[in-house]
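Q: Below you'll find the structure I mean.
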Number of protein chains: 2
Amino acid sequence: MDLPSENTQKLPHVVVVGAGFGGLRAARALAKAPVHVTIVDKNNYHLFQPFLYLVATAGLSATDIAHPVRKILQGQQNASFTLAEVQEVDFENKRLHTPNGEVPYDYLVLAVGGTTNYFGNQSVAQNGFGLKDLDEATAIRNHILKMFELANQETDPEVRRAMLTFVIVGGGPTGVECAGAISELNRLVLTKDYRHLDFNDVRVILLEAADRLLAHLPAGLSENTAAVLQQKHVEVQFGATVQGYDGKQVTFQDGKTLPACTLIWAAGVNANPLVSTLGADLGRQRRVKVLPTLQLPNHPEVFVIGDAAYLEDGQGHPLPMVAPVAMQQAETAAGNIRRILRGEALNSFVYKDPGSLATIGRNQAVASISGIQFKGFLAWAVWLVVHIMQLIGFRNRLVVLINWAWDYIFYDRFNRLITPE
Amino acid sequence: MDLPSENTQKLPHVVVVGAGFGGLRAARALAKAPVHVTIVDKNNYHLFQPFLYLVATAGLSATDIAHPVRKILQGQQNASFTLAEVQEVDFENKRLHTPNGEVPYDYLVLAVGGTTNYFGNQSVAQNGFGLKDLDEATAIRNHILKMFELANQETDPEVRRAMLTFVIVGGGPTGVECAGAISELNRLVLTKDYRHLDFNDVRVILLEAADRLLAHLPAGLSENTAAVLQQKHVEVQFGATVQGYDGKQVTFQDGKTLPACTLIWAAGVNANPLVSTLGADLGRQRRVKVLPTLQLPNHPEVFVIGDAAYLEDGQGHPLPMVAPVAMQQAETAAGNIRRILRGEALNSFVYKDPGSLATIGRNQAVASISGIQFKGFLAWAVWLVVHIMQLIGFRNRLVVLINWAWDYIFYDRFNRLITPE
């Protein structure tokens, strides 16, 4: 452990598990509180998840969207970092169990995020790709590029077409972004790399079980999204329920099949399995039910925030698993810890929805902010500015901008590398 | 395979194996020749090996020093690329065997480079790190950073010291560069990340079996190199012959031991094992003996260049395994193929030594060019300009410069990420 100096040893110890948007914000919100803060994460970096699909499609390199936690914490005197994967919370002794030893806490903030939900479908879990971490994003990039290299050497036209068929399951923001970006990689970049390949064989297919994309947005924007994707050579199929996937062929519930060597699963997210071990009630998507103060019932010193926490809004709808909820809850949880220390009454969390934004590719996005709907280039520009500004760290922001500007002007992807895994 | 158009099908097919400095230069030198050129490589990128140690020490990201071969070849109409690992050369049928099928050739240029030579020491090969490809560089970076994280949590002072002892074996350019860069990472960057760690426990030890570093340079520069390394907190030990390494302790030939959780082996290079299968005579370091025209004896249509080829200079010394030899030989081999096609007599290779440069870290390098010796900042500036200019591709050069300028001004390393392997 980072041994706190004598001065801080007497201070209450707040342990934040997870260095995502919620965890980092919680640690920062405690910078001036009379506590010592330790962030515990299994990775030594914060991952800018909104750009993960750009790593998967060779638009950015892994290091462009990952930032060392110790670097982020350098300016915060009362904070330290421990690299460890939390296996269990010992409420009685107020300790976390990790493979490297135990981490004691006085107050705990669990900001452990979510994982891909395959709905128990083992064949998809084994042969498809999730898109939740750097490892998976790099694996997708390597796989797509390898499929083009192999297709370029393949003499059997049926096998070649399967190699060049890219299936994305799930019409939420990740699926839409991913489908648009893969199609642009194919049409704008790889056409120049594979001059002798027939790009009529290249298909990008977005499957959605329901009857519309981006169901959280107004219906008009959903329709616009489908139309823009089709312009970008993405085939959108509604009412398509995947039954299984063996790595070479997708099988649907109605018995139909689709030969494809690539399937990306963006159709579901669950809370991190750690919260299922807490002995508390779980809501939808295995998120743990918290009090309006974000405390775990019966454990007032434990707060759960973000994707891992289940809380409903005023209308009885579960709060979405998005970064703004996690960051706002981080502020509330940190504020409530300070209130406990001062002996004050705690605040209940109230979500202020900043609106929704989703990009469909180069120059195209949809947005719904304060009831106003945007689409096309304007929405894309808003999306770009919002996300670039959020990227932590000046250097990353600059490099990301240079990469993007280059790609934008020259239709290029410099990171199209097949790297060892 | 990239199917050549009808027009090029009638042209002689030159296959270049390896997309390193030699292979790329050979392909480019044939751009205007009446041939079709195919580069075959097991990776889809060209690796800028001189900066590999910077990836290993978190100074650059993997994508900064790797460049897609197809991108490099985009401007060359008569060239294509095949992703495959060559397993065997079938001289009789003029074909290469690969796991993806066969590649026929009329002329062959083998530019397959070198691999780490552990001199049969299995324990070092298994528990130490080589530094020849991206995978190894990333593994070293992950390992160094992980050692700091674990040491920061370790309560046993002996174990902690072993975690913080970094041993580099081999006093050639790679060993010197690597030792200097690791020590700078520790002293200039990680001291800020690990405020409670005692950096007196952190040791970087460079082991050399002979009695001087950089033996290819004049003795004065070797002495300067050792002195500069010592200023940078690197311990240099001469006459140290490693017998074994179990991952926790180095054993020396004289029976002494050194506890260390990291050993990087930069003490030897062999030619790629493919050239041992050619049935031709091998010289030192298992390089295949070639004629002065760079042809393989008895196979006038096969050329071997760079690290894989054994040829002596006028004084009977083997040519060194360095990029300038490979690039100059590429020009000679390509020229000789053109001469064969025109029915002209072939040229013998004559090496023009451009001089030697080696960097010892921030602001410090040694150089010997045309008999003139440089050291210190001037040599470092020359080294920097030469290498940055060599980095293929404008975008890479710009990003590398930004990274370096940032590190230089702020003593920072943005790429200090422990990533999944």
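Each chain in the structure tokens gets a letter, A, B and so on, in the order shown; residues start at 1 in every chain, and ligands are counted from 1 in the order they appear.
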Could you name the residues that touch segment 156-162 of chain B at 8 Å or less, counting only C-alpha atoms, but leaving out those on the same chain fewer than 2 positions away, as an NGL selection string?
A: :B and (151-152 or 154 or 164-165 or 201-202 or 248 or 259-261)
Q: Take the residues just selected and output them with N, CA and C atoms as a compact mmCIF listing (two decimals), in the first residue's frame.
A:
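The file below, part.txt, is the result:
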```
# COMPACT_ATOMS: atom_id res chain seq x y z
N ALA B 151 6.05 -3.53 -5.41
CA ALA B 151 7.02 -3.10 -4.39
C ALA B 151 6.37 -2.10 -3.43
N ASN B 152 5.49 -1.27 -3.99
CA ASN B 152 4.81 -0.26 -3.19
C ASN B 152 3.87 -0.88 -2.16
N GLU B 154 4.62 -4.05 -0.90
CA GLU B 154 5.37 -5.14 -0.28
C GLU B 154 5.94 -4.71 1.07
N LEU B 164 12.77 -4.04 -7.12
CA LEU B 164 13.22 -2.73 -7.61
C LEU B 164 14.64 -2.79 -8.18
N THR B 165 15.14 -4.02 -8.42
CA THR B 165 16.46 -4.17 -9.04
C THR B 165 16.28 -4.61 -10.50
N ASP B 201 16.32 2.10 -2.71
CA ASP B 201 16.15 0.68 -2.99
C ASP B 201 16.16 0.38 -4.49
N VAL B 202 16.01 1.41 -5.31
CA VAL B 202 15.88 1.20 -6.75
C VAL B 202 17.26 1.14 -7.39
N LYS B 248 14.03 -14.60 -10.11
CA LYS B 248 14.17 -13.90 -8.83
C LYS B 248 15.62 -13.59 -8.48
N PRO B 259 19.89 -10.83 -6.22
CA PRO B 259 18.42 -10.90 -6.26
C PRO B 259 17.87 -9.79 -7.16
N ALA B 260 17.06 -10.15 -8.13
CA ALA B 260 16.48 -9.17 -9.06
C ALA B 260 15.28 -9.81 -9.76
N CYS B 261 14.15 -9.11 -9.79
CA CYS B 261 12.94 -9.64 -10.44
C CYS B 261 12.85 -9.29 -11.91
```
Q: Pull the closest atom pair for each residue of chain B that gets at most 9 Å from chain A, along with the distance in Å to one decimal, counting only C-alpha atoms, ordering rows by chain and then ascending residue number, as a Markdown table.
A:
```
| residue | atom | partner | partner_atom | distance |
| --- | --- | --- | --- | --- |
| B:Met1 | CA | A:Gln153 | CA | 4.1 |
| B:Asp2 | CA | A:Asn152 | CA | 6.1 |
| B:Leu3 | CA | A:His196 | CA | 6.3 |
| B:Pro4 | CA | A:His196 | CA | 7.7 |
| B:Ser5 | CA | A:His196 | CA | 8.1 |
| B:Asn43 | CA | A:Ile418 | CA | 6.8 |
| B:Asn44 | CA | A:Ile418 | CA | 6.1 |
| B:Tyr45 | CA | A:Leu417 | CA | 6.3 |
| B:Ser61 | CA | A:Thr63 | CA | 6.5 |
| B:Ala62 | CA | A:Ser61 | CA | 8.5 |
| B:Thr63 | CA | A:Asn415 | CA | 6.2 |
| B:Asp64 | CA | A:Asn415 | CA | 8.8 |
| B:Ala66 | CA | A:Leu417 | CA | 7.6 |
| B:His67 | CA | A:Phe414 | CA | 7.2 |
| B:Pro68 | CA | A:Leu417 | CA | 6.1 |
| B:Arg70 | CA | A:Asp193 | CA | 5.6 |
| B:Lys71 | CA | A:Asp193 | CA | 6.8 |
| B:Leu73 | CA | A:Asp193 | CA | 8.6 |
| B:Gln74 | CA | A:Asp193 | CA | 6.9 |
| B:Ser80 | CA | A:Tyr194 | CA | 8.9 |
| B:Thr82 | CA | A:Glu149 | CA | 7.4 |
| B:Leu83 | CA | A:Glu149 | CA | 6.3 |
| B:Asn100 | CA | A:Gln153 | CA | 7.6 |
| B:Gly101 | CA | A:Gln153 | CA | 8.4 |
| B:Leu134 | CA | A:Pro420 | CA | 7.8 |
| B:Asp135 | CA | A:Pro420 | CA | 5.9 |
| B:Leu145 | CA | A:Asn44 | CA | 9.0 |
| B:Lys146 | CA | A:Leu83 | CA | 8.6 |
| B:Glu149 | CA | A:Leu83 | CA | 6.3 |
| B:Leu150 | CA | A:Leu83 | CA | 7.9 |
| B:Ala151 | CA | A:Met1 | CA | 8.8 |
| B:Asn152 | CA | A:Met1 | CA | 5.8 |
| B:Gln153 | CA | A:Met1 | CA | 4.1 |
| B:Glu154 | CA | A:Met1 | CA | 7.4 |
| B:Thr155 | CA | A:Met1 | CA | 8.8 |
| B:Lys192 | CA | A:Gln74 | CA | 7.3 |
| B:Asp193 | CA | A:Arg70 | CA | 5.6 |
| B:Tyr194 | CA | A:Asp2 | CA | 7.7 |
| B:Arg195 | CA | A:Asp2 | CA | 8.2 |
| B:His196 | CA | A:Leu3 | CA | 6.3 |
| B:Leu197 | CA | A:Asp2 | CA | 8.0 |
| B:Arg395 | CA | A:Trp406 | CA | 8.0 |
| B:Asn396 | CA | A:Phe414 | CA | 8.4 |
| B:Val399 | CA | A:Val399 | CA | 7.0 |
| B:Ile402 | CA | A:Val399 | CA | 8.3 |
| B:Asn403 | CA | A:Arg395 | CA | 8.2 |
| B:Trp406 | CA | A:Arg395 | CA | 8.0 |
| B:Phe414 | CA | A:His67 | CA | 7.2 |
| B:Asn415 | CA | A:Thr63 | CA | 6.2 |
| B:Arg416 | CA | A:Pro68 | CA | 6.4 |
| B:Leu417 | CA | A:Pro68 | CA | 6.2 |
| B:Ile418 | CA | A:Asn44 | CA | 6.1 |
| B:Thr419 | CA | A:Asp135 | CA | 7.7 |
| B:Pro420 | CA | A:Asp135 | CA | 5.9 |
| B:Glu421 | CA | A:Glu421 | CA | 5.2 |
```
Q: Nearest to Gly175 of chain A: which of A:Ile360, A:Gln249, A:Ile372, A:Pro324 is it, counting only C-alpha atoms?
A: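 Among the listed residues, A:Ile360 lies closest to Gly175 of chain A.
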Q: Have a look at A:Leu207, A:Leu217, A:Leu274, A:Ala330 and name the one nearest to Ala240 of chain A; count only C-alpha atoms.
A: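 Distance minimum relative to Ala240 of chain A lands on A:Leu207.
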Q: For a test of reading the model, state the distance in Å between atom CA of Glu312 of chain B and atom CA of Leu110 of chain B, rounded to one decimal.
A: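 Atom CA of Leu110 of chain B lies at a distance of 18.1 Å from atom CA of Glu312 of chain B.
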Q: Using the chain letters and numbers from this document, which residues of segment 163-283 of chain A does DSSP assign to alpha helix (DSSP H), as a VMD selection string?
A: chain A and resid 163 173 to 184 191 to 193 219 to 231
Q: Counting only C-alpha atoms, which residue out of A:Arg287, A:Leu185, A:Val89, A:Pro218 sits closest to Ile369 of chain A?
A: A:Pro218
